[in-house]
Amino acid sequence: MRMGEFSRRTGVSQRLLRYYEEQGLLRPARRPSGYREYEEADVVTVRGVRMLLAAGLNTAVIAELLPCMVDEGRILEPACSSMLPDLHRERARIDEAAAALLAARDRLDALIELTAESGVTDEEACAVVAGGREGVSPRSA
């Protein structure tokens, strides 16, 4: 099938399909005219790519893992345990990112609480607290 139909079948934009090809995630056949020709197996591949992206993996990691995946019906599934170190590494990376986001949220919550407790509502007072920057109102800062 050609790219337009393939895009409709997978729900993935043509631009993103070209990106997947650039990243080595898809390898459609080419007609003599240069047009891409997708097969049914490519639909399953795109679904697998979308699933792995949703799991937080980047395209470089996905390109490494795709050869270890097999079509077991609806989606791609792991075919070999050699993927485990990569999956554990990516999970640890996501854990670190989640911890950093939670820490940032905690700092923001503390800032919100301190701001609410200060009781300062006057914009001029806020400007003074902010260092009295000349010509800058708190709204434009």
# chains A, B, ... in the order shown; residues from 1 in each chain; ligands from 1

$ select_by_dssp --residues "region 10-139 of chain A" --states "alpha helix (DSSP H)" --output "short mmCIF file (atom, residue, chain, number, x, y, z; two decimals) with all heavy atoms, in the first residue's frame"
data_model
loop_
_atom_site.label_atom_id
_atom_site.label_comp_id
_atom_site.auth_asym_id
_atom_site.auth_seq_id
_atom_site.Cartn_x
_atom_site.Cartn_y
_atom_site.Cartn_z
N THR A 10 -2.57 3.29 9.97
CA THR A 10 -1.82 3.28 11.23
C THR A 10 -2.17 4.46 12.13
O THR A 10 -1.84 4.43 13.32
CB THR A 10 -0.30 3.31 10.95
OG1 THR A 10 0.02 4.49 10.22
CG2 THR A 10 0.14 2.06 10.21
N GLN A 14 2.21 11.12 7.69
CA GLN A 14 3.23 10.79 6.69
C GLN A 14 4.59 11.34 7.10
O GLN A 14 5.61 10.68 6.89
CB GLN A 14 2.81 11.33 5.32
CG GLN A 14 1.59 10.61 4.78
CD GLN A 14 1.19 11.09 3.40
OE1 GLN A 14 2.03 11.55 2.63
NE2 GLN A 14 -0.08 10.96 3.07
N ARG A 15 4.59 12.50 7.69
CA ARG A 15 5.86 13.09 8.14
C ARG A 15 6.53 12.18 9.18
O ARG A 15 7.73 11.95 9.14
CB ARG A 15 5.59 14.48 8.72
CG ARG A 15 6.80 15.18 9.21
CD ARG A 15 6.46 16.55 9.72
NE ARG A 15 7.65 17.21 10.23
CZ ARG A 15 7.63 18.26 10.99
NH1 ARG A 15 6.48 18.81 11.31
NH2 ARG A 15 8.74 18.79 11.42
N LEU A 16 5.73 11.68 10.12
CA LEU A 16 6.27 10.80 11.16
C LEU A 16 6.72 9.47 10.56
O LEU A 16 7.73 8.91 10.99
CB LEU A 16 5.22 10.58 12.25
CG LEU A 16 5.70 10.07 13.59
CD1 LEU A 16 6.91 10.85 14.11
CD2 LEU A 16 4.58 10.12 14.60
N LEU A 17 6.01 8.97 9.56
CA LEU A 17 6.43 7.73 8.89
C LEU A 17 7.79 7.92 8.22
O LEU A 17 8.65 7.02 8.29
CB LEU A 17 5.39 7.30 7.87
CG LEU A 17 4.05 6.83 8.45
CD1 LEU A 17 3.04 6.60 7.33
CD2 LEU A 17 4.23 5.58 9.29
N ARG A 18 8.00 9.07 7.61
CA ARG A 18 9.31 9.34 6.99
C ARG A 18 10.39 9.41 8.07
O ARG A 18 11.51 8.92 7.88
CB ARG A 18 9.26 10.63 6.18
CG ARG A 18 8.54 10.48 4.85
CD ARG A 18 8.68 11.71 3.96
NE ARG A 18 7.84 12.81 4.41
CZ ARG A 18 6.56 12.99 4.07
NH1 ARG A 18 5.98 12.13 3.27
NH2 ARG A 18 5.89 14.00 4.52
N TYR A 19 10.06 10.00 9.22
CA TYR A 19 11.01 10.06 10.32
C TYR A 19 11.34 8.65 10.80
O TYR A 19 12.51 8.34 11.05
CB TYR A 19 10.43 10.90 11.47
CG TYR A 19 11.30 10.93 12.69
CD1 TYR A 19 12.49 11.66 12.71
CD2 TYR A 19 10.97 10.19 13.83
CE1 TYR A 19 13.31 11.67 13.83
CE2 TYR A 19 11.78 10.20 14.95
CZ TYR A 19 12.95 10.94 14.95
OH TYR A 19 13.76 10.94 16.05
N TYR A 20 10.34 7.79 10.96
CA TYR A 20 10.60 6.41 11.38
C TYR A 20 11.54 5.73 10.38
O TYR A 20 12.42 4.98 10.78
CB TYR A 20 9.30 5.61 11.45
CG TYR A 20 8.38 5.97 12.59
CD1 TYR A 20 7.10 5.43 12.66
CD2 TYR A 20 8.75 6.85 13.61
CE1 TYR A 20 6.24 5.74 13.69
CE2 TYR A 20 7.90 7.17 14.64
CZ TYR A 20 6.63 6.60 14.67
OH TYR A 20 5.78 6.91 15.70
N GLU A 21 11.35 6.01 9.11
CA GLU A 21 12.23 5.43 8.10
C GLU A 21 13.66 5.96 8.25
O GLU A 21 14.62 5.20 8.20
CB GLU A 21 11.69 5.72 6.70
CG GLU A 21 12.46 5.03 5.60
CD GLU A 21 11.90 5.29 4.22
OE1 GLU A 21 10.82 5.91 4.08
OE2 GLU A 21 12.56 4.86 3.25
N GLU A 22 13.80 7.27 8.47
CA GLU A 22 15.13 7.87 8.67
C GLU A 22 15.84 7.25 9.87
O GLU A 22 17.06 7.11 9.88
CB GLU A 22 15.00 9.38 8.90
CG GLU A 22 14.63 10.18 7.68
CD GLU A 22 14.32 11.63 8.04
OE1 GLU A 22 14.60 12.05 9.19
OE2 GLU A 22 13.78 12.34 7.17
N GLU A 40 1.58 -5.34 5.03
CA GLU A 40 0.83 -5.57 6.26
C GLU A 40 1.75 -5.68 7.47
O GLU A 40 1.42 -5.19 8.55
CB GLU A 40 0.04 -6.86 6.09
CG GLU A 40 -1.39 -6.90 6.52
CD GLU A 40 -2.21 -5.64 6.51
OE1 GLU A 40 -2.48 -5.04 5.46
OE2 GLU A 40 -2.60 -5.24 7.62
N ALA A 41 2.90 -6.28 7.30
CA ALA A 41 3.85 -6.42 8.42
C ALA A 41 4.31 -5.05 8.92
O ALA A 41 4.62 -4.88 10.11
CB ALA A 41 5.05 -7.25 8.00
N ASP A 42 4.35 -4.05 8.05
CA ASP A 42 4.75 -2.70 8.45
C ASP A 42 3.72 -2.07 9.39
O ASP A 42 4.08 -1.26 10.24
CB ASP A 42 4.97 -1.81 7.22
CG ASP A 42 6.14 -2.27 6.37
OD1 ASP A 42 7.14 -2.72 6.95
OD2 ASP A 42 6.04 -2.18 5.13
N VAL A 43 2.45 -2.44 9.24
CA VAL A 43 1.41 -1.93 10.14
C VAL A 43 1.72 -2.40 11.56
O VAL A 43 1.67 -1.63 12.52
CB VAL A 43 0.01 -2.41 9.69
CG1 VAL A 43 -1.05 -2.04 10.73
CG2 VAL A 43 -0.34 -1.85 8.33
N VAL A 44 2.07 -3.68 11.71
CA VAL A 44 2.41 -4.23 13.01
C VAL A 44 3.66 -3.56 13.57
O VAL A 44 3.73 -3.24 14.76
CB VAL A 44 2.60 -5.76 12.93
CG1 VAL A 44 3.05 -6.34 14.25
CG2 VAL A 44 1.30 -6.42 12.46
N THR A 45 4.64 -3.32 12.71
CA THR A 45 5.86 -2.65 13.14
C THR A 45 5.55 -1.27 13.69
O THR A 45 6.05 -0.89 14.76
CB THR A 45 6.87 -2.55 11.98
OG1 THR A 45 7.21 -3.87 11.56
CG2 THR A 45 8.12 -1.80 12.39
N VAL A 46 4.72 -0.50 12.99
CA VAL A 46 4.38 0.85 13.45
C VAL A 46 3.64 0.78 14.78
O VAL A 46 3.91 1.57 15.69
CB VAL A 46 3.57 1.62 12.39
CG1 VAL A 46 2.97 2.89 12.96
CG2 VAL A 46 4.46 1.95 11.20
N ARG A 47 2.74 -0.17 14.93
CA ARG A 47 2.05 -0.32 16.22
C ARG A 47 3.06 -0.62 17.33
O ARG A 47 2.95 -0.09 18.43
CB ARG A 47 1.02 -1.43 16.14
CG ARG A 47 -0.20 -1.03 15.35
CD ARG A 47 -1.28 -2.09 15.41
NE ARG A 47 -2.34 -1.75 14.48
CZ ARG A 47 -2.93 -2.61 13.67
NH1 ARG A 47 -2.60 -3.89 13.70
NH2 ARG A 47 -3.88 -2.22 12.86
N GLY A 48 4.04 -1.47 17.04
CA GLY A 48 5.08 -1.77 18.02
C GLY A 48 5.91 -0.55 18.35
O GLY A 48 6.23 -0.30 19.52
N VAL A 49 6.27 0.22 17.35
CA VAL A 49 7.04 1.46 17.57
C VAL A 49 6.24 2.40 18.46
O VAL A 49 6.78 2.95 19.43
CB VAL A 49 7.40 2.13 16.22
CG1 VAL A 49 7.91 3.55 16.44
CG2 VAL A 49 8.41 1.30 15.46
N ARG A 50 4.96 2.55 18.18
CA ARG A 50 4.11 3.45 18.98
C ARG A 50 4.02 2.95 20.42
O ARG A 50 4.06 3.74 21.35
CB ARG A 50 2.71 3.56 18.37
CG ARG A 50 2.68 4.06 16.93
CD ARG A 50 3.21 5.43 16.72
NE ARG A 50 2.39 6.40 17.38
CZ ARG A 50 2.77 7.64 17.64
NH1 ARG A 50 3.94 8.06 17.28
NH2 ARG A 50 1.97 8.47 18.26
N MET A 51 3.92 1.63 20.61
CA MET A 51 3.85 1.07 21.94
C MET A 51 5.15 1.33 22.70
O MET A 51 5.13 1.73 23.86
CB MET A 51 3.62 -0.44 21.86
CG MET A 51 3.60 -1.14 23.21
SD MET A 51 3.62 -2.93 23.09
CE MET A 51 5.28 -3.22 22.50
N LEU A 52 6.29 1.14 22.04
CA LEU A 52 7.58 1.36 22.69
C LEU A 52 7.82 2.84 22.98
O LEU A 52 8.39 3.19 24.00
CB LEU A 52 8.71 0.76 21.85
CG LEU A 52 8.67 -0.77 21.73
CD1 LEU A 52 9.66 -1.27 20.69
CD2 LEU A 52 8.93 -1.43 23.08
N LEU A 53 7.37 3.70 22.09
CA LEU A 53 7.46 5.14 22.35
C LEU A 53 6.61 5.50 23.56
O LEU A 53 7.04 6.28 24.42
CB LEU A 53 7.02 5.95 21.13
CG LEU A 53 7.99 6.04 19.97
CD1 LEU A 53 7.30 6.61 18.73
CD2 LEU A 53 9.21 6.86 20.33
N ALA A 54 5.41 4.93 23.64
CA ALA A 54 4.53 5.19 24.78
C ALA A 54 5.13 4.67 26.08
O ALA A 54 4.82 5.18 27.16
CB ALA A 54 3.16 4.57 24.54
N THR A 59 13.80 6.61 19.93
CA THR A 59 13.88 5.87 18.67
C THR A 59 15.19 5.10 18.51
O THR A 59 15.21 4.05 17.89
CB THR A 59 13.67 6.80 17.45
OG1 THR A 59 14.62 7.87 17.51
CG2 THR A 59 12.26 7.35 17.42
N ALA A 60 16.27 5.60 19.10
CA ALA A 60 17.55 4.86 19.01
C ALA A 60 17.45 3.53 19.74
O ALA A 60 17.89 2.49 19.24
CB ALA A 60 18.68 5.71 19.57
N VAL A 61 16.84 3.54 20.92
CA VAL A 61 16.66 2.30 21.68
C VAL A 61 15.68 1.39 20.96
O VAL A 61 15.89 0.17 20.86
CB VAL A 61 16.19 2.61 23.12
CG1 VAL A 61 15.80 1.34 23.86
CG2 VAL A 61 17.27 3.36 23.88
N ILE A 62 14.63 1.96 20.43
CA ILE A 62 13.64 1.17 19.71
C ILE A 62 14.29 0.48 18.52
O ILE A 62 14.03 -0.70 18.25
CB ILE A 62 12.44 2.03 19.27
CG1 ILE A 62 11.67 2.49 20.50
CG2 ILE A 62 11.53 1.27 18.32
CD1 ILE A 62 10.60 3.52 20.24
N ALA A 63 15.17 1.18 17.80
CA ALA A 63 15.86 0.57 16.65
C ALA A 63 16.69 -0.63 17.09
O ALA A 63 16.79 -1.62 16.35
CB ALA A 63 16.73 1.61 15.95
N GLU A 64 17.27 -0.57 18.29
CA GLU A 64 18.03 -1.70 18.81
C GLU A 64 17.13 -2.86 19.19
O GLU A 64 17.50 -4.02 19.02
CB GLU A 64 18.83 -1.28 20.05
CG GLU A 64 19.95 -0.30 19.79
CD GLU A 64 20.61 0.15 21.09
OE1 GLU A 64 20.51 -0.57 22.11
OE2 GLU A 64 21.21 1.24 21.09
N LEU A 65 15.96 -2.56 19.72
CA LEU A 65 15.07 -3.60 20.24
C LEU A 65 14.17 -4.24 19.20
O LEU A 65 13.78 -5.40 19.35
CB LEU A 65 14.22 -3.03 21.38
CG LEU A 65 14.95 -2.56 22.62
CD1 LEU A 65 13.97 -2.04 23.65
CD2 LEU A 65 15.82 -3.65 23.21
N LEU A 84 16.37 -7.71 28.06
CA LEU A 84 16.18 -7.31 29.46
C LEU A 84 17.14 -6.26 29.96
O LEU A 84 16.70 -5.29 30.60
CB LEU A 84 16.19 -8.54 30.37
CG LEU A 84 14.89 -9.33 30.38
CD1 LEU A 84 15.05 -10.61 31.19
CD2 LEU A 84 13.75 -8.49 30.92
N PRO A 85 18.44 -6.37 29.71
CA PRO A 85 19.34 -5.30 30.19
C PRO A 85 18.96 -3.93 29.64
O PRO A 85 18.98 -2.93 30.39
CB PRO A 85 20.72 -5.74 29.73
CG PRO A 85 20.61 -7.22 29.56
CD PRO A 85 19.20 -7.47 29.12
N ASP A 86 18.60 -3.87 28.36
CA ASP A 86 18.20 -2.59 27.76
C ASP A 86 16.91 -2.08 28.39
O ASP A 86 16.77 -0.89 28.68
CB ASP A 86 18.01 -2.74 26.25
CG ASP A 86 19.31 -2.98 25.52
OD1 ASP A 86 20.34 -2.40 25.94
OD2 ASP A 86 19.31 -3.76 24.56
N LEU A 87 15.97 -2.98 28.61
CA LEU A 87 14.69 -2.58 29.21
C LEU A 87 14.89 -2.12 30.64
O LEU A 87 14.30 -1.11 31.06
CB LEU A 87 13.69 -3.74 29.13
CG LEU A 87 13.25 -4.13 27.72
CD1 LEU A 87 12.38 -5.37 27.76
CD2 LEU A 87 12.55 -2.99 27.01
N HIS A 88 15.72 -2.82 31.39
CA HIS A 88 16.01 -2.40 32.77
C HIS A 88 16.73 -1.04 32.80
O HIS A 88 16.43 -0.19 33.65
CB HIS A 88 16.85 -3.45 33.51
CG HIS A 88 16.06 -4.66 33.91
ND1 HIS A 88 15.01 -4.62 34.78
CD2 HIS A 88 16.19 -5.96 33.56
CE1 HIS A 88 14.51 -5.82 34.96
NE2 HIS A 88 15.21 -6.66 34.21
N ARG A 89 17.64 -0.83 31.87
CA ARG A 89 18.36 0.45 31.79
C ARG A 89 17.38 1.59 31.50
O ARG A 89 17.43 2.66 32.13
CB ARG A 89 19.44 0.38 30.71
CG ARG A 89 20.25 1.69 30.59
CD ARG A 89 21.12 1.72 29.35
NE ARG A 89 20.28 1.88 28.18
CZ ARG A 89 20.29 1.06 27.12
NH1 ARG A 89 21.10 0.03 27.08
NH2 ARG A 89 19.49 1.27 26.10
N GLU A 90 16.46 1.36 30.57
CA GLU A 90 15.49 2.39 30.23
C GLU A 90 14.53 2.65 31.38
O GLU A 90 14.14 3.78 31.64
CB GLU A 90 14.73 2.01 28.95
CG GLU A 90 15.60 2.09 27.70
CD GLU A 90 16.19 3.48 27.51
OE1 GLU A 90 15.45 4.49 27.55
OE2 GLU A 90 17.41 3.58 27.31
N ARG A 91 14.16 1.60 32.10
CA ARG A 91 13.29 1.78 33.26
C ARG A 91 13.99 2.61 34.33
O ARG A 91 13.39 3.51 34.94
CB ARG A 91 12.87 0.45 33.85
CG ARG A 91 11.80 0.62 34.93
CD ARG A 91 11.29 -0.72 35.43
NE ARG A 91 10.06 -0.60 36.17
CZ ARG A 91 9.89 0.04 37.32
NH1 ARG A 91 10.91 0.69 37.88
NH2 ARG A 91 8.73 0.08 37.93
N ALA A 92 15.26 2.36 34.55
CA ALA A 92 16.03 3.14 35.53
C ALA A 92 16.11 4.60 35.09
O ALA A 92 15.98 5.51 35.92
CB ALA A 92 17.43 2.55 35.70
N ARG A 93 16.29 4.83 33.80
CA ARG A 93 16.34 6.20 33.27
C ARG A 93 15.00 6.90 33.52
O ARG A 93 14.96 8.06 33.96
CB ARG A 93 16.66 6.19 31.78
CG ARG A 93 16.75 7.57 31.14
CD ARG A 93 16.89 7.51 29.63
NE ARG A 93 15.80 6.81 28.97
CZ ARG A 93 14.59 7.34 28.73
NH1 ARG A 93 14.32 8.58 29.12
NH2 ARG A 93 13.66 6.65 28.11
N ILE A 94 13.91 6.20 33.28
CA ILE A 94 12.59 6.78 33.50
C ILE A 94 12.35 7.03 34.99
O ILE A 94 11.79 8.06 35.37
CB ILE A 94 11.49 5.87 32.89
CG1 ILE A 94 11.59 5.93 31.35
CG2 ILE A 94 10.10 6.28 33.36
CD1 ILE A 94 10.73 4.89 30.64
N ASP A 95 12.81 6.10 35.84
CA ASP A 95 12.69 6.30 37.29
C ASP A 95 13.42 7.58 37.72
O ASP A 95 12.91 8.36 38.52
CB ASP A 95 13.27 5.11 38.06
CG ASP A 95 12.34 3.91 38.07
OD1 ASP A 95 11.14 4.06 37.75
OD2 ASP A 95 12.83 2.80 38.40
N GLU A 96 14.63 7.79 37.19
CA GLU A 96 15.40 8.99 37.53
C GLU A 96 14.68 10.25 37.06
O GLU A 96 14.61 11.24 37.79
CB GLU A 96 16.79 8.92 36.90
CG GLU A 96 17.71 7.91 37.55
CD GLU A 96 19.05 7.79 36.83
OE1 GLU A 96 19.40 8.70 36.05
OE2 GLU A 96 19.72 6.78 37.05
N ALA A 97 14.15 10.20 35.85
CA ALA A 97 13.43 11.36 35.32
C ALA A 97 12.17 11.63 36.15
O ALA A 97 11.86 12.79 36.46
CB ALA A 97 13.06 11.14 33.85
N ALA A 98 11.46 10.58 36.53
CA ALA A 98 10.25 10.75 37.35
C ALA A 98 10.61 11.33 38.71
O ALA A 98 9.92 12.22 39.22
CB ALA A 98 9.53 9.41 37.50
N ALA A 99 11.70 10.86 39.32
CA ALA A 99 12.13 11.38 40.61
C ALA A 99 12.49 12.86 40.51
O ALA A 99 12.15 13.65 41.39
CB ALA A 99 13.31 10.57 41.14
N ALA A 100 13.16 13.22 39.42
CA ALA A 100 13.52 14.63 39.22
C ALA A 100 12.27 15.49 39.05
O ALA A 100 12.19 16.60 39.60
CB ALA A 100 14.44 14.78 38.02
N LEU A 101 11.29 15.00 38.33
CA LEU A 101 10.04 15.75 38.16
C LEU A 101 9.29 15.88 39.49
O LEU A 101 8.75 16.95 39.80
CB LEU A 101 9.14 15.07 37.13
CG LEU A 101 9.52 15.29 35.67
CD1 LEU A 101 8.69 14.39 34.76
CD2 LEU A 101 9.36 16.75 35.29
N LEU A 102 9.26 14.81 40.26
CA LEU A 102 8.59 14.88 41.57
C LEU A 102 9.30 15.86 42.50
O LEU A 102 8.64 16.62 43.23
CB LEU A 102 8.52 13.49 42.21
CG LEU A 102 7.56 12.52 41.53
CD1 LEU A 102 7.72 11.11 42.11
CD2 LEU A 102 6.13 13.00 41.62
N ALA A 103 10.63 15.88 42.46
CA ALA A 103 11.38 16.83 43.28
C ALA A 103 11.09 18.26 42.84
O ALA A 103 10.92 19.16 43.67
CB ALA A 103 12.88 16.53 43.21
N ALA A 104 11.02 18.47 41.53
CA ALA A 104 10.70 19.81 41.01
C ALA A 104 9.29 20.22 41.44
O ALA A 104 9.06 21.37 41.83
CB ALA A 104 10.83 19.83 39.49
N ARG A 105 8.36 19.28 41.39
CA ARG A 105 7.00 19.59 41.82
C ARG A 105 6.97 19.94 43.30
O ARG A 105 6.29 20.89 43.71
CB ARG A 105 6.07 18.41 41.55
CG ARG A 105 4.60 18.74 41.89
CD ARG A 105 3.71 17.55 41.81
NE ARG A 105 4.10 16.60 42.84
CZ ARG A 105 3.61 15.38 42.94
NH1 ARG A 105 2.75 14.94 42.05
NH2 ARG A 105 4.01 14.57 43.91
N ASP A 106 7.72 19.22 44.13
CA ASP A 106 7.78 19.52 45.56
C ASP A 106 8.34 20.92 45.81
O ASP A 106 7.83 21.66 46.66
CB ASP A 106 8.63 18.48 46.29
CG ASP A 106 7.95 17.11 46.35
OD1 ASP A 106 6.73 17.02 46.09
OD2 ASP A 106 8.67 16.12 46.66
N ARG A 107 9.38 21.29 45.05
CA ARG A 107 9.95 22.63 45.21
C ARG A 107 8.94 23.69 44.79
O ARG A 107 8.80 24.74 45.43
CB ARG A 107 11.24 22.76 44.41
CG ARG A 107 12.41 21.99 45.03
CD ARG A 107 13.73 22.28 44.36
NE ARG A 107 13.78 21.89 42.96
CZ ARG A 107 14.15 20.68 42.53
NH1 ARG A 107 14.51 19.75 43.38
NH2 ARG A 107 14.17 20.41 41.24
N LEU A 108 8.20 23.42 43.71
CA LEU A 108 7.18 24.36 43.26
C LEU A 108 6.05 24.46 44.27
O LEU A 108 5.56 25.57 44.56
CB LEU A 108 6.64 23.92 41.89
CG LEU A 108 5.61 24.85 41.24
CD1 LEU A 108 6.17 26.26 41.05
CD2 LEU A 108 5.17 24.28 39.91
N ASP A 109 5.63 23.34 44.85
CA ASP A 109 4.60 23.37 45.88
C ASP A 109 5.04 24.22 47.07
O ASP A 109 4.25 25.00 47.62
CB ASP A 109 4.26 21.95 46.36
CG ASP A 109 3.41 21.17 45.36
OD1 ASP A 109 2.85 21.78 44.43
OD2 ASP A 109 3.33 19.94 45.51
N ALA A 110 6.31 24.07 47.47
CA ALA A 110 6.83 24.87 48.59
C ALA A 110 6.81 26.35 48.24
O ALA A 110 6.45 27.19 49.07
CB ALA A 110 8.25 24.41 48.94
N LEU A 111 7.18 26.67 47.02
CA LEU A 111 7.18 28.06 46.57
C LEU A 111 5.75 28.62 46.55
O LEU A 111 5.50 29.75 46.98
CB LEU A 111 7.82 28.16 45.19
CG LEU A 111 8.06 29.54 44.62
CD1 LEU A 111 8.97 30.36 45.53
CD2 LEU A 111 8.69 29.43 43.24
N ILE A 112 4.82 27.81 46.09
CA ILE A 112 3.42 28.24 46.06
C ILE A 112 2.93 28.49 47.48
O ILE A 112 2.28 29.50 47.76
CB ILE A 112 2.54 27.16 45.36
CG1 ILE A 112 2.85 27.15 43.85
CG2 ILE A 112 1.05 27.40 45.62
CD1 ILE A 112 2.26 25.96 43.11
N GLU A 113 3.26 27.59 48.40
CA GLU A 113 2.83 27.74 49.79
C GLU A 113 3.43 29.00 50.41
O GLU A 113 2.73 29.76 51.08
CB GLU A 113 3.25 26.51 50.59
CG GLU A 113 2.72 26.52 52.01
CD GLU A 113 3.08 25.24 52.75
OE1 GLU A 113 3.19 24.19 52.12
OE2 GLU A 113 3.25 25.34 53.99
N LEU A 114 4.73 29.22 50.19
CA LEU A 114 5.38 30.41 50.74
C LEU A 114 4.78 31.68 50.16
O LEU A 114 4.60 32.68 50.87
CB LEU A 114 6.89 30.37 50.48
CG LEU A 114 7.67 29.34 51.29
CD1 LEU A 114 9.10 29.24 50.77
CD2 LEU A 114 7.65 29.71 52.77
N THR A 115 4.46 31.65 48.88
CA THR A 115 3.88 32.83 48.23
C THR A 115 2.49 33.11 48.79
O THR A 115 2.15 34.26 49.08
CB THR A 115 3.81 32.61 46.70
OG1 THR A 115 5.12 32.33 46.22
CG2 THR A 115 3.26 33.84 46.00
N ALA A 116 1.71 32.05 48.97
CA ALA A 116 0.36 32.22 49.52
C ALA A 116 0.42 32.73 50.96
O ALA A 116 -0.39 33.57 51.37
CB ALA A 116 -0.41 30.91 49.45
N GLU A 117 1.38 32.22 51.75
CA GLU A 117 1.52 32.62 53.15
C GLU A 117 2.00 34.06 53.30
O GLU A 117 1.73 34.70 54.31
CB GLU A 117 2.49 31.69 53.88
CG GLU A 117 1.95 30.32 54.13
CD GLU A 117 2.99 29.38 54.71
OE1 GLU A 117 4.15 29.81 54.92
OE2 GLU A 117 2.65 28.22 54.95
N SER A 118 2.72 34.58 52.30
CA SER A 118 3.27 35.93 52.43
C SER A 118 2.18 36.98 52.50
O SER A 118 2.36 38.03 53.10
CB SER A 118 4.21 36.24 51.27
OG SER A 118 3.47 36.47 50.08
N GLU A 123 0.89 44.72 43.69
CA GLU A 123 1.87 44.57 42.62
C GLU A 123 3.11 45.42 42.83
O GLU A 123 4.21 45.01 42.49
CB GLU A 123 1.23 44.89 41.26
CG GLU A 123 0.26 43.83 40.81
CD GLU A 123 -0.26 44.08 39.41
OE1 GLU A 123 0.38 44.82 38.65
OE2 GLU A 123 -1.30 43.51 39.08
N GLU A 124 2.94 46.60 43.41
CA GLU A 124 4.11 47.45 43.67
C GLU A 124 5.02 46.80 44.71
O GLU A 124 6.24 46.82 44.58
CB GLU A 124 3.67 48.84 44.12
CG GLU A 124 3.08 49.66 42.99
CD GLU A 124 2.66 51.04 43.46
OE1 GLU A 124 3.21 51.55 44.46
OE2 GLU A 124 1.78 51.62 42.81
N ALA A 125 4.43 46.21 45.73
CA ALA A 125 5.22 45.52 46.75
C ALA A 125 5.95 44.34 46.13
O ALA A 125 7.10 44.07 46.46
CB ALA A 125 4.33 45.07 47.90
N CYS A 126 5.28 43.64 45.22
CA CYS A 126 5.92 42.51 44.54
C CYS A 126 7.11 42.99 43.71
O CYS A 126 8.13 42.31 43.66
CB CYS A 126 4.93 41.77 43.64
SG CYS A 126 3.72 40.79 44.58
N ALA A 127 6.97 44.15 43.09
CA ALA A 127 8.07 44.69 42.29
C ALA A 127 9.26 45.02 43.17
O ALA A 127 10.41 44.78 42.80
CB ALA A 127 7.61 45.92 41.52
N VAL A 128 8.99 45.55 44.37
CA VAL A 128 10.07 45.88 45.31
C VAL A 128 10.75 44.60 45.76
O VAL A 128 11.97 44.50 45.80
CB VAL A 128 9.52 46.67 46.51
CG1 VAL A 128 10.57 46.79 47.60
CG2 VAL A 128 9.04 48.05 46.06
N VAL A 129 9.97 43.58 46.10
CA VAL A 129 10.51 42.29 46.54
C VAL A 129 11.36 41.68 45.42
O VAL A 129 12.40 41.08 45.67
CB VAL A 129 9.38 41.32 46.96
CG1 VAL A 129 9.91 39.92 47.17
CG2 VAL A 129 8.69 41.83 48.20
#

$ atom_distance --atom1 "CA of Gly24 (chain A)" --atom2 "CA of Pro67 (chain A)"
11.1 Å

$ select_by_dssp --residues "chain A" --states "strand (DSSP E or B)" --output "list in words"
Ala29, Arg30, Arg36, Glu37, Met69, Val70, Asp71, Leu76, Glu77 and Pro78 of chain A

$ write_last_selection --atoms "N, CA, C and O atoms" --output "compact mmCIF listing (two decimals), in the first residue's frame"
# COMPACT_ATOMS: atom_id res chain seq x y z
N ALA A 29 9.50 -1.02 0.99
CA ALA A 29 10.04 -1.27 -0.35
C ALA A 29 9.83 0.00 -1.18
O ALA A 29 8.99 0.85 -0.85
N ARG A 30 10.61 0.11 -2.23
CA ARG A 30 10.46 1.27 -3.12
C ARG A 30 10.06 0.78 -4.51
O ARG A 30 10.63 -0.18 -5.03
N ARG A 36 7.14 4.83 -1.90
CA ARG A 36 7.23 3.81 -0.87
C ARG A 36 6.06 2.84 -1.00
O ARG A 36 4.93 3.25 -1.27
N GLU A 37 6.34 1.59 -0.73
CA GLU A 37 5.31 0.55 -0.76
C GLU A 37 5.35 -0.20 0.57
O GLU A 37 6.35 -0.83 0.90
N MET A 69 11.88 -8.35 18.47
CA MET A 69 10.44 -8.39 18.66
C MET A 69 9.82 -9.26 17.56
O MET A 69 10.34 -9.32 16.45
N VAL A 70 8.72 -9.94 17.91
CA VAL A 70 8.01 -10.76 16.93
C VAL A 70 6.53 -10.40 16.94
O VAL A 70 6.00 -9.93 17.94
N ASP A 71 5.91 -10.66 15.82
CA ASP A 71 4.48 -10.40 15.66
C ASP A 71 3.70 -11.58 16.24
O ASP A 71 3.74 -12.68 15.71
N LEU A 76 3.60 -6.24 18.57
CA LEU A 76 4.91 -6.88 18.66
C LEU A 76 5.18 -7.24 20.11
O LEU A 76 4.83 -6.50 21.02
N GLU A 77 5.83 -8.38 20.30
CA GLU A 77 6.19 -8.83 21.65
C GLU A 77 7.65 -9.23 21.67
O GLU A 77 8.21 -9.62 20.65
N PRO A 78 8.28 -9.16 22.85
CA PRO A 78 9.69 -9.56 22.96
C PRO A 78 9.87 -11.02 22.56
O PRO A 78 9.05 -11.87 22.89

$ atom_distance --atom1 "CA of Phe6 (chain A)" --atom2 "CA of Glu72 (chain A)"
20.5 Å
